[in-house]
file input-v9.pdb (PDB, C-alpha atoms, pLDDT in the B column)
ATOM      1  CA  MET A1426     -39.826   2.937  -9.154  1.00 79.00           C
ATOM      2  CA  ASP A1427     -38.376   5.290 -11.754  1.00 92.00           C
ATOM      3  CA  LEU A1428     -35.212   7.313 -11.239  1.00 94.00           C
ATOM      4  CA  TYR A1429     -36.917  10.495 -10.104  1.00 96.00           C
ATOM      5  CA  ASP A1430     -39.032   8.562  -7.607  1.00 95.00           C
ATOM      6  CA  ALA A1431     -35.886   6.928  -6.203  1.00 96.00           C
ATOM      7  CA  ILE A1432     -34.192  10.312  -5.859  1.00 96.00           C
ATOM      8  CA  ALA A1433     -37.210  11.730  -4.018  1.00 95.00           C
ATOM      9  CA  ARG A1434     -37.695   8.652  -1.797  1.00 95.00           C
ATOM     10  CA  ARG A1435     -34.036   8.197  -0.787  1.00 96.00           C
ATOM     11  CA  ARG A1436     -33.531   8.611   2.952  1.00 95.00           C
ATOM     12  CA  ASP A1437     -30.642   8.385   5.402  1.00 95.00           C
ATOM     13  CA  THR A1438     -31.993   5.447   7.373  1.00 95.00           C
ATOM     14  CA  ARG A1439     -31.437   5.003  11.121  1.00 93.00           C
ATOM     15  CA  ALA A1440     -34.255   3.541  13.191  1.00 93.00           C
ATOM     16  CA  GLU A1441     -36.188   1.623  10.535  1.00 95.00           C
ATOM     17  CA  PHE A1442     -33.890  -1.370   9.949  1.00 97.00           C
ATOM     18  CA  THR A1443     -35.287  -4.875  10.427  1.00 96.00           C
ATOM     19  CA  GLY A1444     -32.279  -6.927   9.281  1.00 96.00           C
ATOM     20  CA  PRO A1445     -29.669  -7.382   6.548  1.00 97.00           C
ATOM     21  CA  PRO A1446     -30.476  -7.424   2.825  1.00 98.00           C
ATOM     22  CA  SER A1447     -30.608 -10.596   0.768  1.00 98.00           C
ATOM     23  CA  GLU A1448     -27.377 -11.587  -0.948  1.00 98.00           C
ATOM     24  CA  ASP A1449     -29.034 -11.117  -4.356  1.00 98.00           C
ATOM     25  CA  ALA A1450     -30.150  -7.582  -3.542  1.00 98.00           C
ATOM     26  CA  LEU A1451     -26.727  -6.753  -2.114  1.00 98.00           C
ATOM     27  CA  ALA A1452     -25.052  -7.994  -5.291  1.00 98.00           C
ATOM     28  CA  ARG A1453     -27.330  -5.827  -7.440  1.00 98.00           C
ATOM     29  CA  ILE A1454     -26.726  -2.602  -5.529  1.00 98.00           C
ATOM     30  CA  LEU A1455     -22.966  -3.222  -5.427  1.00 98.00           C
ATOM     31  CA  GLU A1456     -22.981  -3.734  -9.192  1.00 98.00           C
ATOM     32  CA  ALA A1457     -24.860  -0.435  -9.524  1.00 98.00           C
ATOM     33  CA  ALA A1458     -22.114   1.198  -7.459  1.00 98.00           C
ATOM     34  CA  ASN A1459     -19.453  -0.318  -9.703  1.00 98.00           C
ATOM     35  CA  LEU A1460     -21.144   1.223 -12.758  1.00 98.00           C
ATOM     36  CA  ALA A1461     -20.673   4.753 -11.423  1.00 98.00           C
ATOM     37  CA  PRO A1462     -18.666   7.261 -13.447  1.00 97.00           C
ATOM     38  CA  SER A1463     -15.080   7.734 -12.297  1.00 97.00           C
ATOM     39  CA  VAL A1464     -12.229   9.998 -13.268  1.00 96.00           C
ATOM     40  CA  GLY A1465     -10.122   8.370 -15.981  1.00 95.00           C
ATOM     41  CA  MET A1466     -12.145   5.135 -15.569  1.00 93.00           C
ATOM     42  CA  SER A1467     -10.059   4.577 -12.450  1.00 96.00           C
ATOM     43  CA  GLN A1468     -12.886   3.024 -10.365  1.00 97.00           C
ATOM     44  CA  PRO A1469     -11.012   3.939  -7.164  1.00 98.00           C
ATOM     45  CA  TRP A1470     -13.545   2.447  -4.760  1.00 98.00           C
ATOM     46  CA  VAL A1471     -13.059  -0.360  -2.270  1.00 98.00           C
ATOM     47  CA  PHE A1472     -15.955  -2.184  -0.576  1.00 98.00           C
ATOM     48  CA  VAL A1473     -15.740  -4.237   2.622  1.00 98.00           C
ATOM     49  CA  THR A1474     -18.803  -5.989   4.021  1.00 98.00           C
ATOM     50  CA  VAL A1475     -18.979  -6.282   7.808  1.00 98.00           C
ATOM     51  CA  ARG A1476     -21.395  -8.764   9.404  1.00 98.00           C
ATOM     52  CA  HIS A1477     -19.646 -10.158  12.476  1.00 98.00           C
ATOM     53  CA  PRO A1478     -21.618  -9.090  15.584  1.00 97.00           C
ATOM     54  CA  ALA A1479     -18.476  -8.245  17.563  1.00 97.00           C
ATOM     55  CA  ARG A1480     -17.132  -5.974  14.830  1.00 97.00           C
ATOM     56  CA  LEU A1481     -20.522  -4.295  14.395  1.00 98.00           C
ATOM     57  CA  ALA A1482     -20.732  -3.731  18.156  1.00 98.00           C
ATOM     58  CA  ALA A1483     -17.189  -2.362  18.304  1.00 98.00           C
ATOM     59  CA  PHE A1484     -17.939   0.212  15.644  1.00 98.00           C
ATOM     60  CA  ARG A1485     -21.267   1.091  17.279  1.00 98.00           C
ATOM     61  CA  ASP A1486     -19.439   1.768  20.560  1.00 98.00           C
ATOM     62  CA  HIS A1487     -16.901   3.986  18.800  1.00 98.00           C
ATOM     63  CA  VAL A1488     -19.697   5.940  17.103  1.00 98.00           C
ATOM     64  CA  ALA A1489     -21.476   6.329  20.457  1.00 97.00           C
ATOM     65  CA  SER A1490     -18.337   7.889  21.946  1.00 98.00           C
ATOM     66  CA  GLU A1491     -18.052  10.319  19.022  1.00 98.00           C
ATOM     67  CA  ARG A1492     -21.720  11.203  19.446  1.00 97.00           C
ATOM     68  CA  GLU A1493     -20.902  12.260  22.989  1.00 97.00           C
ATOM     69  CA  VAL A1494     -18.048  14.419  21.714  1.00 97.00           C
ATOM     70  CA  PHE A1495     -20.415  16.250  19.374  1.00 96.00           C
ATOM     71  CA  ALA A1496     -23.120  16.523  22.039  1.00 97.00           C
ATOM     72  CA  ALA A1497     -20.607  18.188  24.363  1.00 97.00           C
ATOM     73  CA  SER A1498     -19.889  20.800  21.696  1.00 97.00           C
ATOM     74  CA  LEU A1499     -23.532  21.903  21.914  1.00 97.00           C
ATOM     75  CA  ALA A1500     -23.341  22.773  25.618  1.00 96.00           C
ATOM     76  CA  ASP A1501     -23.637  26.494  24.878  1.00 96.00           C
ATOM     77  CA  ASP A1502     -26.823  25.984  22.825  1.00 96.00           C
ATOM     78  CA  PRO A1503     -29.392  24.096  24.970  1.00 95.00           C
ATOM     79  CA  GLU A1504     -32.094  24.223  22.317  1.00 95.00           C
ATOM     80  CA  ARG A1505     -29.813  22.712  19.695  1.00 94.00           C
ATOM     81  CA  ALA A1506     -28.576  20.140  22.211  1.00 95.00           C
ATOM     82  CA  ALA A1507     -32.151  19.102  22.995  1.00 95.00           C
ATOM     83  CA  ARG A1508     -32.902  18.605  19.320  1.00 95.00           C
ATOM     84  CA  PHE A1509     -29.756  16.559  18.813  1.00 95.00           C
ATOM     85  CA  SER A1510     -30.598  14.331  21.779  1.00 95.00           C
ATOM     86  CA  ARG A1511     -33.659  13.062  19.879  1.00 93.00           C
ATOM     87  CA  ILE A1512     -31.753  12.192  16.706  1.00 93.00           C
ATOM     88  CA  LYS A1513     -30.481   8.644  16.167  1.00 94.00           C
ATOM     89  CA  VAL A1514     -27.187   8.773  14.269  1.00 94.00           C
ATOM     90  CA  GLU A1515     -26.715   5.112  13.305  1.00 96.00           C
ATOM     91  CA  GLY A1516     -28.348   1.718  12.778  1.00 96.00           C
ATOM     92  CA  ILE A1517     -25.136  -0.303  12.821  1.00 98.00           C
ATOM     93  CA  VAL A1518     -26.284  -3.348  14.769  1.00 97.00           C
ATOM     94  CA  GLU A1519     -29.932  -3.170  13.704  1.00 97.00           C
ATOM     95  CA  SER A1520     -29.117  -3.350   9.988  1.00 97.00           C
ATOM     96  CA  GLY A1521     -26.875  -6.373  10.450  1.00 97.00           C
ATOM     97  CA  LEU A1522     -24.647  -5.318   7.561  1.00 98.00           C
ATOM     98  CA  GLY A1523     -22.026  -2.612   7.420  1.00 98.00           C
ATOM     99  CA  LEU A1524     -20.615  -1.687   4.038  1.00 98.00           C
ATOM    100  CA  VAL A1525     -17.345   0.207   4.392  1.00 98.00           C
ATOM    101  CA  VAL A1526     -16.400   2.220   1.315  1.00 98.00           C
ATOM    102  CA  GLY A1527     -12.834   3.324   0.809  1.00 98.00           C
ATOM    103  CA  TYR A1528     -10.864   5.394  -1.672  1.00 98.00           C
ATOM    104  CA  ASP A1529      -7.824   3.711  -3.254  1.00 98.00           C
ATOM    105  CA  PRO A1530      -5.877   6.176  -5.448  1.00 97.00           C
ATOM    106  CA  THR A1531      -3.702   3.386  -6.875  1.00 97.00           C
ATOM    107  CA  THR A1532      -6.328   1.398  -8.795  1.00 96.00           C
ATOM    108  CA  ALA A1533      -5.367   2.888 -12.169  1.00 93.00           C
ATOM    109  CA  GLY A1534      -1.682   3.466 -11.575  1.00 92.00           C
ATOM    110  CA  ARG A1535       0.105   6.821 -11.340  1.00 90.00           C
ATOM    111  CA  HIS A1536      -1.247   8.446 -14.501  1.00 92.00           C
ATOM    112  CA  VAL A1537      -4.992   8.878 -14.091  1.00 94.00           C
ATOM    113  CA  LEU A1538      -6.542  10.810 -16.950  1.00 94.00           C
ATOM    114  CA  GLY A1539      -8.228  13.913 -15.524  1.00 92.00           C
ATOM    115  CA  ARG A1540      -6.788  13.753 -11.999  1.00 95.00           C
ATOM    116  CA  HIS A1541      -3.544  15.672 -12.579  1.00 93.00           C
ATOM    117  CA  ALA A1542      -5.050  19.098 -11.808  1.00 94.00           C
ATOM    118  CA  ILE A1543      -7.637  18.164  -9.177  1.00 95.00           C
ATOM    119  CA  ALA A1544      -6.504  15.314  -6.945  1.00 92.00           C
ATOM    120  CA  ASP A1545      -9.906  15.094  -5.252  1.00 96.00           C
ATOM    121  CA  THR A1546     -11.616  13.871  -8.433  1.00 97.00           C
ATOM    122  CA  GLY A1547     -10.796  10.359  -7.250  1.00 97.00           C
ATOM    123  CA  LEU A1548     -12.599  10.988  -3.972  1.00 97.00           C
ATOM    124  CA  TYR A1549     -15.533  12.507  -5.859  1.00 98.00           C
ATOM    125  CA  SER A1550     -15.721   9.320  -7.918  1.00 98.00           C
ATOM    126  CA  VAL A1551     -16.127   7.229  -4.768  1.00 98.00           C
ATOM    127  CA  CYS A1552     -19.002   9.469  -3.683  1.00 98.00           C
ATOM    128  CA  LEU A1553     -20.672   8.914  -7.060  1.00 98.00           C
ATOM    129  CA  ALA A1554     -20.454   5.153  -6.487  1.00 98.00           C
ATOM    130  CA  ILE A1555     -22.099   5.609  -3.086  1.00 98.00           C
ATOM    131  CA  GLN A1556     -24.906   7.635  -4.654  1.00 98.00           C
ATOM    132  CA  ASN A1557     -25.460   4.948  -7.301  1.00 98.00           C
ATOM    133  CA  LEU A1558     -25.656   2.318  -4.577  1.00 98.00           C
ATOM    134  CA  TRP A1559     -28.028   4.431  -2.485  1.00 98.00           C
ATOM    135  CA  LEU A1560     -30.462   5.033  -5.333  1.00 98.00           C
ATOM    136  CA  ALA A1561     -30.367   1.361  -6.337  1.00 98.00           C
ATOM    137  CA  ALA A1562     -31.040   0.356  -2.726  1.00 98.00           C
ATOM    138  CA  THR A1563     -33.994   2.750  -2.607  1.00 97.00           C
ATOM    139  CA  ALA A1564     -35.402   1.166  -5.776  1.00 97.00           C
ATOM    140  CA  GLU A1565     -34.974  -2.250  -4.106  1.00 96.00           C
ATOM    141  CA  GLY A1566     -36.896  -1.052  -1.029  1.00 96.00           C
ATOM    142  CA  LEU A1567     -33.761  -1.199   1.136  1.00 97.00           C
ATOM    143  CA  GLY A1568     -32.531   1.360   3.626  1.00 97.00           C
ATOM    144  CA  VAL A1569     -29.075   2.930   3.669  1.00 98.00           C
ATOM    145  CA  GLY A1570     -27.627   5.020   6.484  1.00 97.00           C
ATOM    146  CA  TRP A1571     -24.336   6.876   6.048  1.00 97.00           C
ATOM    147  CA  VAL A1572     -22.539   6.960   9.400  1.00 97.00           C
ATOM    148  CA  SER A1573     -20.071   9.826   9.786  1.00 94.00           C
ATOM    149  CA  PHE A1574     -19.508   9.898  13.569  1.00 97.00           C
ATOM    150  CA  TYR A1575     -16.130   8.154  13.490  1.00 97.00           C
ATOM    151  CA  ARG A1576     -12.408   8.738  13.297  1.00 98.00           C
ATOM    152  CA  GLU A1577     -10.913   7.571  10.014  1.00 98.00           C
ATOM    153  CA  GLU A1578      -7.962   5.802  11.625  1.00 98.00           C
ATOM    154  CA  VAL A1579     -10.308   3.775  13.856  1.00 98.00           C
ATOM    155  CA  LEU A1580     -12.389   2.569  10.915  1.00 98.00           C
ATOM    156  CA  ALA A1581      -9.297   1.835   8.826  1.00 98.00           C
ATOM    157  CA  ASP A1582      -7.906  -0.345  11.624  1.00 98.00           C
ATOM    158  CA  LEU A1583     -11.251  -2.080  12.122  1.00 98.00           C
ATOM    159  CA  VAL A1584     -11.425  -3.344   8.533  1.00 98.00           C
ATOM    160  CA  GLY A1585      -7.702  -3.608   7.836  1.00 98.00           C
ATOM    161  CA  PHE A1586      -7.302  -0.894   5.222  1.00 98.00           C
ATOM    162  CA  PRO A1587      -3.682  -0.381   4.178  1.00 98.00           C
ATOM    163  CA  ALA A1588      -2.218   3.090   4.706  1.00 98.00           C
ATOM    164  CA  HIS A1589      -2.975   4.303   1.170  1.00 97.00           C
ATOM    165  CA  VAL A1590      -6.713   3.498   1.316  1.00 98.00           C
ATOM    166  CA  ARG A1591      -8.832   6.215   2.915  1.00 98.00           C
ATOM    167  CA  PRO A1592     -12.159   5.336   4.574  1.00 98.00           C
ATOM    168  CA  VAL A1593     -14.978   7.365   3.021  1.00 98.00           C
ATOM    169  CA  ALA A1594     -18.133   5.889   4.524  1.00 98.00           C
ATOM    170  CA  TRP A1595     -19.656   3.260   6.745  1.00 98.00           C
ATOM    171  CA  LEU A1596     -23.027   2.484   5.178  1.00 98.00           C
ATOM    172  CA  CYS A1597     -25.638   0.610   7.183  1.00 98.00           C
ATOM    173  CA  VAL A1598     -27.569  -1.426   4.594  1.00 98.00           C
ATOM    174  CA  GLY A1599     -30.627  -3.521   5.282  1.00 98.00           C
ATOM    175  CA  GLU A1600     -34.297  -4.293   5.057  1.00 97.00           C
ATOM    176  CA  VAL A1601     -36.574  -1.655   6.549  1.00 97.00           C
ATOM    177  CA  ASP A1602     -40.150  -1.589   7.726  1.00 94.00           C
ATOM    178  CA  GLU A1603     -40.570   1.731   5.902  1.00 90.00           C
ATOM    179  CA  LEU A1604     -38.699   4.699   4.487  1.00 90.00           C
ATOM    180  CA  PRO A1605     -39.743   7.851   6.331  1.00 87.00           C
ATOM    181  CA  ASP A1606     -41.661  10.467   4.354  1.00 89.00           C
ATOM    182  CA  VAL A1607     -39.738  13.258   6.095  1.00 88.00           C
ATOM    183  CA  PRO A1608     -35.953  13.118   6.670  1.00 86.00           C
ATOM    184  CA  ASP A1609     -35.032  12.732  10.361  1.00 86.00           C
ATOM    185  CA  LEU A1610     -33.084  15.984  10.556  1.00 85.00           C
ATOM    186  CA  GLU A1611     -36.101  17.859   9.277  1.00 89.00           C
ATOM    187  CA  ARG A1612     -38.562  15.905  11.417  1.00 87.00           C
ATOM    188  CA  PHE A1613     -36.619  16.660  14.612  1.00 84.00           C
ATOM    189  CA  GLY A1614     -36.111  20.314  13.742  1.00 87.00           C
ATOM    190  CA  TRP A1615     -32.358  20.209  13.152  1.00 87.00           C
ATOM    191  CA  ARG A1616     -32.411  21.585   9.604  1.00 89.00           C
ATOM    192  CA  SER A1617     -34.804  21.815   6.658  1.00 89.00           C
ATOM    193  CA  ARG A1618     -34.033  21.341   2.999  1.00 88.00           C
ATOM    194  CA  ARG A1619     -33.335  24.564   1.134  1.00 87.00           C
ATOM    195  CA  PRO A1620     -35.000  25.344  -2.194  1.00 87.00           C
ATOM    196  CA  LEU A1621     -32.952  25.107  -5.369  1.00 88.00           C
ATOM    197  CA  VAL A1622     -30.811  28.172  -6.098  1.00 86.00           C
ATOM    198  CA  VAL A1623     -29.111  28.586  -9.477  1.00 85.00           C
ATOM    199  CA  HIS A1624     -26.714  31.454 -10.229  1.00 82.00           C
ATOM    200  CA  ASP A1625     -26.625  32.634 -13.832  1.00 82.00           C
ATOM    201  CA  GLU A1626     -23.168  33.067 -15.386  1.00 78.00           C
ATOM    202  CA  ALA A1627     -21.412  33.855 -12.073  1.00 78.00           C
ATOM    203  CA  TYR A1628     -21.967  33.591  -8.348  1.00 81.00           C
ATOM    204  CA  GLY A1629     -24.116  36.151  -6.519  1.00 77.00           C
ATOM    205  CA  THR A1630     -23.326  39.834  -7.026  1.00 65.00           C
ATOM    206  CA  ALA A1631     -20.487  38.851  -9.337  1.00 61.00           C
ATOM    207  CA  ALA A1632     -23.124  37.912 -11.919  1.00 58.00           C
ATOM    208  CA  ALA A1633     -24.239  41.546 -12.303  1.00 62.00           C
ATOM    209  CA  GLU A1634     -20.606  42.685 -12.553  1.00 65.00           C
ATOM    210  CA  LEU A1635     -19.870  40.075 -15.202  1.00 63.00           C
ATOM    211  CA  GLU A1636     -22.948  41.083 -17.177  1.00 66.00           C
ATOM    212  CA  GLU A1637     -21.746  44.691 -17.146  1.00 68.00           C
ATOM    213  CA  VAL A1638     -18.293  43.622 -18.374  1.00 65.00           C
ATOM    214  CA  LEU A1639     -19.825  41.562 -21.174  1.00 66.00           C
ATOM    215  CA  ARG A1640     -22.070  44.439 -22.182  1.00 73.00           C
ATOM    216  CA  SER A1641     -19.156  46.845 -22.420  1.00 71.00           C
ATOM    217  CA  SER A1642     -16.848  44.498 -24.299  1.00 64.00           C
TER
END
call {"tool": "encode", "arguments": {"input": "input-v9.pdb", "output": "structure tokens"}}
result
Amino acid sequence: MDLYDAIARRRDTRAEFTGPPSEDALARILEAANLAPSVGMSQPWVFVTVRHPARLAAFRDHVASEREVFAASLADDPERAARFSRIKVEGIVESGLGLVVGYDPTTAGRHVLGRHAIADTGLYSVCLAIQNLWLAATAEGLGVGWVSFYREEVLADLVGFPAHVRPVAWLCVGEVDELPDVPDLERFGWRSRRPLVVHDEAYGTAAAELEEVLRSS
């Protein structure tokens, strides 16, 4: 599978898991994550693997409670609520492996080249590592599901993160029977992918104004 195929085939996996990945495959996708670009070469990511059934079940139960919170927020939109009811939001137990990714701003000390003006560049770097891992997993034929129905303090307590490490993602990682052709959110009518939009020189109507300024200067 080449890079563009992996990008096109990548899916947020939920219901397709059949079990955890092999240790060799896990090592390869984690190494791919570790090769991601990062601001000032800070590599501010932290990875924690979670396999214990009780810990997986505890996180699943927490996610289920947060799903109910979101479902309740849709009470004034019955059609949207009905669509959401058909969407599975996690494969925590089914995958057999949770990979918790955290952001540690201290990995490169106080003076991180390139982070002085935009503090979030460290957080962006962690997201790049996740994307590397996700594409590598797709090339390996593995599924990855990013779970976001959780409270950060609950996940931090579950895996013992110190106060300065921020949880960024719980990734369900495992073998799958297939990767769906159509993303779940599109298949269940929640939202469809938008076509690419590129603004030239400036955003929206500002582009025409900028062009006029450049013409008159």
call {"tool": "resolve_selection", "arguments": {"input": "input-v9.pdb", "expression": "the PyMOL selection byres ((chain A and resi 1563) around 12)", "output": "PyMOL selection string"}}
result
chain A and resi 1426-1438+1450-1451+1453-1454+1457+1556-1562+1564-1570+1598-1601+1603-1605
call {"tool": "residues_around", "arguments": {"input": "input-v9.pdb", "residues": "A:Arg1439", "least_positions_apart": "2", "cutoff": "7 Å", "atoms": "all atoms listed in the file", "output": "ChimeraX atom specification"}}
result
/A:1437,1441-1442,1513-1516,1570
call {"tool": "atom_distance", "arguments": {"input": "input-v9.pdb", "atom1": "atom CA of A:Asp1545", "atom2": "atom CA of A:Gly1527"}}
result
13.6 Å
call {"tool": "resolve_selection", "arguments": {"input": "input-v9.pdb", "expression": "the PyMOL selection byres ((chain A and resi 1475-1485) around 12)", "output": "ChimeraX atom specification"}}
result
/A:1444-1446,1472-1474,1486-1492,1513-1526,1572-1577,1579-1585,1595-1599
call {"tool": "write_last_selection", "arguments": {"input": "input-v9.pdb", "atoms": "C-alpha atoms", "output": "PDB file, in the coordinates of the input"}}
result
ATOM      1  CA  GLY A1444     -32.279  -6.927   9.281  1.00 96.00           C
ATOM      2  CA  PRO A1445     -29.669  -7.382   6.548  1.00 97.00           C
ATOM      3  CA  PRO A1446     -30.476  -7.424   2.825  1.00 98.00           C
ATOM      4  CA  PHE A1472     -15.955  -2.184  -0.576  1.00 98.00           C
ATOM      5  CA  VAL A1473     -15.740  -4.237   2.622  1.00 98.00           C
ATOM      6  CA  THR A1474     -18.803  -5.989   4.021  1.00 98.00           C
ATOM      7  CA  ASP A1486     -19.439   1.768  20.560  1.00 98.00           C
ATOM      8  CA  HIS A1487     -16.901   3.986  18.800  1.00 98.00           C
ATOM      9  CA  VAL A1488     -19.697   5.940  17.103  1.00 98.00           C
ATOM     10  CA  ALA A1489     -21.476   6.329  20.457  1.00 97.00           C
ATOM     11  CA  SER A1490     -18.337   7.889  21.946  1.00 98.00           C
ATOM     12  CA  GLU A1491     -18.052  10.319  19.022  1.00 98.00           C
ATOM     13  CA  ARG A1492     -21.720  11.203  19.446  1.00 97.00           C
ATOM     14  CA  LYS A1513     -30.481   8.644  16.167  1.00 94.00           C
ATOM     15  CA  VAL A1514     -27.187   8.773  14.269  1.00 94.00           C
ATOM     16  CA  GLU A1515     -26.715   5.112  13.305  1.00 96.00           C
ATOM     17  CA  GLY A1516     -28.348   1.718  12.778  1.00 96.00           C
ATOM     18  CA  ILE A1517     -25.136  -0.303  12.821  1.00 98.00           C
ATOM     19  CA  VAL A1518     -26.284  -3.348  14.769  1.00 97.00           C
ATOM     20  CA  GLU A1519     -29.932  -3.170  13.704  1.00 97.00           C
ATOM     21  CA  SER A1520     -29.117  -3.350   9.988  1.00 97.00           C
ATOM     22  CA  GLY A1521     -26.875  -6.373  10.450  1.00 97.00           C
ATOM     23  CA  LEU A1522     -24.647  -5.318   7.561  1.00 98.00           C
ATOM     24  CA  GLY A1523     -22.026  -2.612   7.420  1.00 98.00           C
ATOM     25  CA  LEU A1524     -20.615  -1.687   4.038  1.00 98.00           C
ATOM     26  CA  VAL A1525     -17.345   0.207   4.392  1.00 98.00           C
ATOM     27  CA  VAL A1526     -16.400   2.220   1.315  1.00 98.00           C
ATOM     28  CA  VAL A1572     -22.539   6.960   9.400  1.00 97.00           C
ATOM     29  CA  SER A1573     -20.071   9.826   9.786  1.00 94.00           C
ATOM     30  CA  PHE A1574     -19.508   9.898  13.569  1.00 97.00           C
ATOM     31  CA  TYR A1575     -16.130   8.154  13.490  1.00 97.00           C
ATOM     32  CA  ARG A1576     -12.408   8.738  13.297  1.00 98.00           C
ATOM     33  CA  GLU A1577     -10.913   7.571  10.014  1.00 98.00           C
ATOM     34  CA  VAL A1579     -10.308   3.775  13.856  1.00 98.00           C
ATOM     35  CA  LEU A1580     -12.389   2.569  10.915  1.00 98.00           C
ATOM     36  CA  ALA A1581      -9.297   1.835   8.826  1.00 98.00           C
ATOM     37  CA  ASP A1582      -7.906  -0.345  11.624  1.00 98.00           C
ATOM     38  CA  LEU A1583     -11.251  -2.080  12.122  1.00 98.00           C
ATOM     39  CA  VAL A1584     -11.425  -3.344   8.533  1.00 98.00           C
ATOM     40  CA  GLY A1585      -7.702  -3.608   7.836  1.00 98.00           C
ATOM     41  CA  TRP A1595     -19.656   3.260   6.745  1.00 98.00           C
ATOM     42  CA  LEU A1596     -23.027   2.484   5.178  1.00 98.00           C
ATOM     43  CA  CYS A1597     -25.638   0.610   7.183  1.00 98.00           C
ATOM     44  CA  VAL A1598     -27.569  -1.426   4.594  1.00 98.00           C
ATOM     45  CA  GLY A1599     -30.627  -3.521   5.282  1.00 98.00           C
TER      46      GLY A1599
END
call {"tool": "resolve_selection", "arguments": {"input": "input-v9.pdb", "expression": "the PyMOL selection byres ((chain A and resi 1466) around 10)", "output": "list in words"}}
result
Ala1461, Pro1462, Ser1463, Val1464, Gly1465, Ser1467, Gln1468, Pro1469, Thr1532, Ala1533, Val1537, Leu1538, Gly1539, Gly1547 and Ser1550 of chain A
call {"tool": "write_last_selection", "arguments": {"input": "input-v9.pdb", "atoms": "C-alpha atoms", "output": "PDB file, in the coordinates of the input"}}
result
ATOM      1  CA  ALA A1461     -20.673   4.753 -11.423  1.00 98.00           C
ATOM      2  CA  PRO A1462     -18.666   7.261 -13.447  1.00 97.00           C
ATOM      3  CA  SER A1463     -15.080   7.734 -12.297  1.00 97.00           C
ATOM      4  CA  VAL A1464     -12.229   9.998 -13.268  1.00 96.00           C
ATOM      5  CA  GLY A1465     -10.122   8.370 -15.981  1.00 95.00           C
ATOM      6  CA  SER A1467     -10.059   4.577 -12.450  1.00 96.00           C
ATOM      7  CA  GLN A1468     -12.886   3.024 -10.365  1.00 97.00           C
ATOM      8  CA  PRO A1469     -11.012   3.939  -7.164  1.00 98.00           C
ATOM      9  CA  THR A1532      -6.328   1.398  -8.795  1.00 96.00           C
ATOM     10  CA  ALA A1533      -5.367   2.888 -12.169  1.00 93.00           C
ATOM     11  CA  VAL A1537      -4.992   8.878 -14.091  1.00 94.00           C
ATOM     12  CA  LEU A1538      -6.542  10.810 -16.950  1.00 94.00           C
ATOM     13  CA  GLY A1539      -8.228  13.913 -15.524  1.00 92.00           C
ATOM     14  CA  GLY A1547     -10.796  10.359  -7.250  1.00 97.00           C
ATOM     15  CA  SER A1550     -15.721   9.320  -7.918  1.00 98.00           C
TER      16      SER A1550
END
call {"tool": "atom_distance", "arguments": {"input": "input-v9.pdb", "atom1": "atom CA of A:Arg1505", "atom2": "atom CA of A:Leu1621"}}
result
25.4 Å
call {"tool": "atom_distance", "arguments": {"input": "input-v9.pdb", "atom1": "atom CA of A:Leu1460", "atom2": "atom CA of A:His1589"}}
result
23.1 Å
call {"tool": "axis_aligned_box", "arguments": {"input": "input-v9.pdb", "around": "stretch 1547-1565 of chain A", "padding_each_side": "8 Å", "output": "AutoDock Vina command-line options"}}
result
--center_x -23.1 --center_y 5.1 --center_z -5.2 --size_x 40.6 --size_y 30.8 --size_z 21.4
call {"tool": "residues_around", "arguments": {"input": "input-v9.pdb", "residues": "A:Glu1578", "least_positions_apart": "5", "cutoff": "10 Å", "atoms": "all atoms listed in the file", "output": "ChimeraX atom specification"}}
result
/A:1583,1586,1588,1591-1592
call {"tool": "residues_around", "arguments": {"input": "input-v9.pdb", "residues": "A:Ile1512", "least_positions_apart": "2", "cutoff": "8 Å", "atoms": "all atoms listed in the file", "output": "list in words"}}
result
Arg1508, Phe1509, Ser1510, Val1514, Asp1609, Leu1610 and Phe1613 of chain A
call {"tool": "closest_residue", "arguments": {"input": "input-v9.pdb", "among": "A:Tyr1549, A:Tyr1528, A:Phe1495, A:Tyr1628", "to": "A:Trp1470", "atoms": "all atoms listed in the file"}}
result
A:Tyr1528
